[in-house]
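Some notes on the structure that comes next.
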Amino acid sequence: MQEPVPQPTPDTRSVRPSLVQLTHFIYGLHAIAVLVGISSAATVAGGFVFGLPSLCAVFLNYLKRGEVNGSWLESHFRWQIRTFWFTFLGMVIYGLLIITIIGIPLAWLLIALLGLWVGYRVIRGWAALFGERTVGV
């Protein structure tokens, strides 16, 4: 049995503290979008993709990702951007399924699983940021 390869501890001195704070802020925006999806008539995935908090968060990701290239925060920006776009893709598939009578039960299952996945991604990413660790793709 192979031993797991230890992850190198990121050099937190190589990034500006303001970029770490920005990354926390972006996770906070994504978390707000998830909470809006949970507490409203929207779905979690719908609130995440179409909600203003997540749209602002992804805009900030694209705006500032050049400043985190090569640092341990780069993985967080990639994680956040991919979470958004994979959720968007899931919503497109959901939309295609929901327009067919046969696909409706599958669409409901997909939207529930997509909501759980989004919540997991936000929690896992933010927890890694609090621990000053990179996050996996």
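Naming scheme: A, B, ... for chains in displayed order of the structure tokens; residues 1 onward per chain; ligands 1 onward as shown.
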
| message | I'd like the neighbourhood of segment 23-28 of chain A as a PyMOL selection string, where a residue qualifies if any of its atoms comes within 12 Å (using only C-alpha atoms), though same-chain residues fewer than 3 positions away should be ignored. | response | chain A and resi 15-20+31-35+48+53-65+67-68+72-81+83-84+118-119+121-132

| message | Please identify the alpha helix (DSSP H) residues within segment 10-132 of chain A (assignment by DSSP from backbone atoms) and present them as a count of residues only. | response | 100

| request: Go ahead and compute the interatomic distance for atom CA of Thr134 of chain A and atom CA of Gly46 of chain A, in Å to one decimal. | output: 27.1 Å

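Interatomic distance, atom CA of Trp117 of chain A to atom CA of Leu96 of chain A: 19.6 Å.
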
| task | State, in Å with one decimal place, the distance from atom CA of Asn69 of chain A to atom CA of Leu116 of chain A. | result |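 Atom CA of Leu116 of chain A lies 29.2 Å from atom CA of Asn69 of chain A.
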
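Neighbours of Gly47 of chain A closer than or equal to 6 Å, with only C-alpha atoms counted and sequence neighbours fewer than 4 positions away skipped, come out as Ala33, Gly37, Ala42, Thr43 and Gly51 of chain A.
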
Restricting the output to C-alpha atoms, write the selected residues as a PDB file, in the first residue's frame.
```
ATOM      1  CA  ALA A  33     -25.847  32.632  -2.932  1.00  0.00           C
ATOM      2  CA  GLY A  37     -31.073  29.177  -2.809  1.00  0.00           C
ATOM      3  CA  ALA A  42     -34.920  29.260  -6.079  1.00  0.00           C
ATOM      4  CA  THR A  43     -32.839  26.109  -6.025  1.00  0.00           C
ATOM      5  CA  GLY A  51     -27.787  35.091  -8.090  1.00  0.00           C
TER       6      GLY A  51
END
```
